[in-house]
Amino acid sequence: MQVLRFAALALAATLVVATATAAGAGPAKNADVSCTLHLQTLAPPGASGEDFGTVDCGSVFGKGVQHDTLTVTPTSPTTATVTGPFKQFFDTGTIHGTIKLTASATAAGAVTYTGTAKVSGGTGAYKHIRGSAKVQGSSSDGGTHTTGTVKVTLARM
């Protein structure tokens, strides 16, 4: 079944790395950040997955790494819902949250991901960060290697 080969884009993927950037300093206000993720699936495809990769949020947060664990729930032979927690690691702190994605596979083995992420907190400079993100991504090899874009709106609490 093609759906079980889906790796999660986590990050969110995060996906969510962008969240830490704007909230790390300054007054309490919303900020928009865009990040690029490059993820590799570490666990074999199936009902659960694990990804590790790099995240680049430009001059806002800089570069870091992301780890996520995901649950894959097939919704049809070519689609699935992907959910789970993620954590991003940067020089001055971490960001964590959850993702919910819809994955769609083609007969050629390409996978596209769309969904949302919720940033629920962090450590260090990002201790009080909160936010939400829109996630888009794709994989040309059935979900083993995934590239994604995360657009995050952050709030410092």
# chains A, B, ... in the order shown; residues from 1 in each chain; ligands from 1
$ residues_around --residues "Thr83 of chain A" --least-positions-apart "2" --cutoff "8 Å" --atoms "only C-alpha atoms" --output "ChimeraX atom specification"
/A:8,70-72,81,85,98-101
$ write_last_selection --atoms "C-alpha atoms" --output "PDB file, in the first residue's frame"
ATOM      1  CA  ALA A   8       6.172  12.976   7.682  1.00  0.00           C
ATOM      2  CA  LEU A  70       4.981  10.619  13.358  1.00  0.00           C
ATOM      3  CA  THR A  71       1.900   8.474  13.144  1.00  0.00           C
ATOM      4  CA  VAL A  72       0.638   7.733   9.634  1.00  0.00           C
ATOM      5  CA  THR A  81      -3.044  11.861   7.651  1.00  0.00           C
ATOM      6  CA  PRO A  85       5.426  15.977  17.792  1.00  0.00           C
ATOM      7  CA  THR A  98       2.898  19.233  16.865  1.00  0.00           C
ATOM      8  CA  ILE A  99       2.073  18.798  13.194  1.00  0.00           C
ATOM      9  CA  LYS A 100      -0.934  17.572  11.237  1.00  0.00           C
ATOM     10  CA  LEU A 101      -0.439  16.936   7.538  1.00  0.00           C
TER      11      LEU A 101
END
$ atom_distance --atom1 "atom CA of Gly58 of chain A" --atom2 "atom CA of His145 of chain A"
21.4 Å
$ closest_residue --among "A:Gly93, A:Gly46, A:Gly121, A:Gly84" --to "Gly142 of chain A" --atoms "only C-alpha atoms"
A:Gly46
$ select_by_dssp --residues "segment 11-146 of chain A" --states "helix (DSSP H, G or I)" --output "JSON, numbers by chain"
{"A": [17, 18, 19, 20, 21, 22, 23, 58, 59, 60, 61, 124, 125, 126]}
$ write_last_selection --atoms "all heavy atoms" --output "compact mmCIF listing (two decimals), in the first residue's frame"
# COMPACT_ATOMS: atom_id res chain seq x y z
N VAL A 17 10.42 25.43 12.94
CA VAL A 17 11.66 26.09 13.32
C VAL A 17 11.51 27.59 13.24
O VAL A 17 12.02 28.32 14.06
CB VAL A 17 12.80 25.67 12.39
CG1 VAL A 17 14.01 26.52 12.59
CG2 VAL A 17 13.10 24.22 12.61
N ALA A 18 10.80 28.03 12.26
CA ALA A 18 10.63 29.46 12.07
C ALA A 18 9.99 30.11 13.27
O ALA A 18 10.18 31.28 13.52
CB ALA A 18 9.78 29.71 10.85
N THR A 19 9.28 29.40 14.00
CA THR A 19 8.55 29.94 15.13
C THR A 19 9.48 30.59 16.13
O THR A 19 9.15 31.58 16.74
CB THR A 19 7.79 28.81 15.82
OG1 THR A 19 6.98 28.17 14.87
CG2 THR A 19 6.96 29.33 16.94
N ALA A 20 10.60 30.03 16.35
CA ALA A 20 11.51 30.53 17.37
C ALA A 20 12.10 31.87 17.02
O ALA A 20 12.45 32.64 17.89
CB ALA A 20 12.63 29.53 17.59
N THR A 21 12.27 32.15 15.79
CA THR A 21 12.98 33.32 15.36
C THR A 21 12.45 34.62 15.91
O THR A 21 13.14 35.33 16.58
CB THR A 21 12.92 33.43 13.83
OG1 THR A 21 13.10 32.14 13.31
CG2 THR A 21 13.95 34.34 13.31
N ALA A 22 11.27 34.94 15.56
CA ALA A 22 10.73 36.24 15.91
C ALA A 22 10.44 36.37 17.39
O ALA A 22 10.48 37.45 17.94
CB ALA A 22 9.47 36.51 15.11
N ALA A 23 10.15 35.30 18.03
CA ALA A 23 9.75 35.37 19.42
C ALA A 23 10.93 35.44 20.37
O ALA A 23 10.76 35.70 21.54
CB ALA A 23 8.91 34.15 19.77
N GLY A 58 16.78 31.54 7.60
CA GLY A 58 17.43 32.78 7.19
C GLY A 58 18.03 33.52 8.36
O GLY A 58 18.51 32.92 9.32
N SER A 59 17.97 34.84 8.31
CA SER A 59 18.60 35.66 9.35
C SER A 59 17.77 35.72 10.63
O SER A 59 18.26 36.17 11.66
CB SER A 59 18.83 37.08 8.82
OG SER A 59 17.60 37.68 8.49
N VAL A 60 16.54 35.23 10.60
CA VAL A 60 15.68 35.30 11.77
C VAL A 60 16.13 34.34 12.86
O VAL A 60 16.48 34.73 13.96
CB VAL A 60 14.21 35.03 11.40
CG1 VAL A 60 13.34 35.09 12.64
CG2 VAL A 60 13.75 36.04 10.38
N PHE A 61 16.16 33.03 12.58
CA PHE A 61 16.59 32.03 13.56
C PHE A 61 17.92 31.42 13.17
O PHE A 61 18.54 30.75 13.97
CB PHE A 61 15.59 30.89 13.67
CG PHE A 61 14.28 31.28 14.25
CD1 PHE A 61 13.15 31.30 13.46
CD2 PHE A 61 14.16 31.61 15.57
CE1 PHE A 61 11.93 31.66 13.99
CE2 PHE A 61 12.94 31.97 16.12
CZ PHE A 61 11.82 31.99 15.31
N GLY A 124 15.51 28.09 26.36
CA GLY A 124 16.49 29.14 26.10
C GLY A 124 15.84 30.41 25.62
O GLY A 124 14.85 30.88 26.19
N ALA A 125 16.37 30.97 24.54
CA ALA A 125 15.85 32.22 23.99
C ALA A 125 14.41 32.09 23.50
O ALA A 125 13.72 33.09 23.32
CB ALA A 125 16.74 32.68 22.83
N TYR A 126 13.93 30.88 23.31
CA TYR A 126 12.59 30.65 22.77
C TYR A 126 11.63 30.09 23.81
O TYR A 126 10.61 29.49 23.49
CB TYR A 126 12.68 29.73 21.55
CG TYR A 126 13.76 30.18 20.61
CD1 TYR A 126 14.82 29.35 20.28
CD2 TYR A 126 13.75 31.46 20.07
CE1 TYR A 126 15.83 29.78 19.44
CE2 TYR A 126 14.76 31.89 19.23
CZ TYR A 126 15.80 31.04 18.91
OH TYR A 126 16.79 31.47 18.08
$ atom_distance --atom1 "atom CA of Gly148 of chain A" --atom2 "atom CA of Gln136 of chain A"
5.5 Å
$ residues_around --residues "segment 107-116 of chain A" --least-positions-apart "2" --cutoff "6 Å" --atoms "only C-alpha atoms" --output "ChimeraX atom specification"
/A:99-105,133-142
$ residues_around --residues "Glu50 of chain A" --least-positions-apart "2" --cutoff "6 Å" --atoms "only C-alpha atoms" --output "MDAnalysis selection string"
chainID A and resid 41:43 68:69
$ write_last_selection --atoms "all heavy atoms" --output "PDB file, in the first residue's frame"
ATOM      1  N   THR A  41      13.908  10.341   6.261  1.00  0.00           N
ATOM      2  CA  THR A  41      13.207   9.385   7.102  1.00  0.00           C
ATOM      3  C   THR A  41      14.215   8.392   7.669  1.00  0.00           C
ATOM      4  O   THR A  41      15.006   7.811   6.937  1.00  0.00           O
ATOM      5  CB  THR A  41      12.132   8.634   6.292  1.00  0.00           C
ATOM      6  OG1 THR A  41      11.194   9.597   5.827  1.00  0.00           O
ATOM      7  CG2 THR A  41      11.421   7.601   7.139  1.00  0.00           C
ATOM      8  N   LEU A  42      14.197   8.230   9.002  1.00  0.00           N
ATOM      9  CA  LEU A  42      15.116   7.317   9.671  1.00  0.00           C
ATOM     10  C   LEU A  42      14.498   5.958   9.939  1.00  0.00           C
ATOM     11  O   LEU A  42      15.189   4.951   9.946  1.00  0.00           O
ATOM     12  CB  LEU A  42      15.580   7.918  11.000  1.00  0.00           C
ATOM     13  CG  LEU A  42      16.280   9.266  10.912  1.00  0.00           C
ATOM     14  CD1 LEU A  42      16.597   9.781  12.293  1.00  0.00           C
ATOM     15  CD2 LEU A  42      17.532   9.169  10.072  1.00  0.00           C
ATOM     16  N   ALA A  43      13.215   5.928  10.213  1.00  0.00           N
ATOM     17  CA  ALA A  43      12.522   4.671  10.505  1.00  0.00           C
ATOM     18  C   ALA A  43      11.926   4.131   9.213  1.00  0.00           C
ATOM     19  O   ALA A  43      11.591   4.896   8.311  1.00  0.00           O
ATOM     20  CB  ALA A  43      11.427   4.903  11.543  1.00  0.00           C
ATOM     21  N   ASP A  68      11.538  14.574  14.455  1.00  0.00           N
ATOM     22  CA  ASP A  68      10.116  14.357  14.697  1.00  0.00           C
ATOM     23  C   ASP A  68       9.809  12.869  14.679  1.00  0.00           C
ATOM     24  O   ASP A  68      10.565  12.076  14.110  1.00  0.00           O
ATOM     25  CB  ASP A  68       9.244  15.099  13.683  1.00  0.00           C
ATOM     26  CG  ASP A  68       9.525  14.693  12.255  1.00  0.00           C
ATOM     27  OD1 ASP A  68       9.219  13.546  11.881  1.00  0.00           O
ATOM     28  OD2 ASP A  68      10.050  15.537  11.502  1.00  0.00           O
ATOM     29  N   THR A  69       8.733  12.511  15.358  1.00  0.00           N
ATOM     30  CA  THR A  69       8.188  11.154  15.290  1.00  0.00           C
ATOM     31  C   THR A  69       6.734  11.294  14.878  1.00  0.00           C
ATOM     32  O   THR A  69       6.036  12.188  15.359  1.00  0.00           O
ATOM     33  CB  THR A  69       8.290  10.418  16.641  1.00  0.00           C
ATOM     34  OG1 THR A  69       7.644  11.194  17.648  1.00  0.00           O
ATOM     35  CG2 THR A  69       9.741  10.194  17.029  1.00  0.00           C
TER      36      THR A  69
END
$ residues_around --residues "Gly97 of chain A" --least-positions-apart "4" --cutoff "7 Å" --atoms "only C-alpha atoms" --output "list in words"
Pro85, Phe86, Lys87, Lys118, Val119, Ser120 and Gly121 of chain A
$ write_last_selection --atoms "N, CA and C atoms" --output "PDB file, in the first residue's frame"
ATOM      1  N   PRO A  85       4.632  14.896  17.224  1.00  0.00           N
ATOM      2  CA  PRO A  85       5.426  15.977  17.792  1.00  0.00           C
ATOM      3  C   PRO A  85       6.717  16.217  17.000  1.00  0.00           C
ATOM      4  N   PHE A  86       7.222  17.450  17.090  1.00  0.00           N
ATOM      5  CA  PHE A  86       8.505  17.782  16.477  1.00  0.00           C
ATOM      6  C   PHE A  86       9.305  18.634  17.466  1.00  0.00           C
ATOM      7  N   LYS A  87      10.601  18.677  17.258  1.00  0.00           N
ATOM      8  CA  LYS A  87      11.474  19.548  18.053  1.00  0.00           C
ATOM      9  C   LYS A  87      12.575  20.057  17.145  1.00  0.00           C
ATOM     10  N   LYS A 118       1.577  23.489  15.090  1.00  0.00           N
ATOM     11  CA  LYS A 118       1.342  24.343  16.253  1.00  0.00           C
ATOM     12  C   LYS A 118       2.631  24.367  17.057  1.00  0.00           C
ATOM     13  N   VAL A 119       3.129  25.561  17.320  1.00  0.00           N
ATOM     14  CA  VAL A 119       4.318  25.729  18.150  1.00  0.00           C
ATOM     15  C   VAL A 119       3.828  25.988  19.567  1.00  0.00           C
ATOM     16  N   SER A 120       4.185  25.101  20.491  1.00  0.00           N
ATOM     17  CA  SER A 120       3.648  25.210  21.846  1.00  0.00           C
ATOM     18  C   SER A 120       4.657  25.672  22.888  1.00  0.00           C
ATOM     19  N   GLY A 121       5.931  25.788  22.525  1.00  0.00           N
ATOM     20  CA  GLY A 121       6.903  26.275  23.491  1.00  0.00           C
ATOM     21  C   GLY A 121       8.320  26.037  23.050  1.00  0.00           C
TER      22      GLY A 121
END
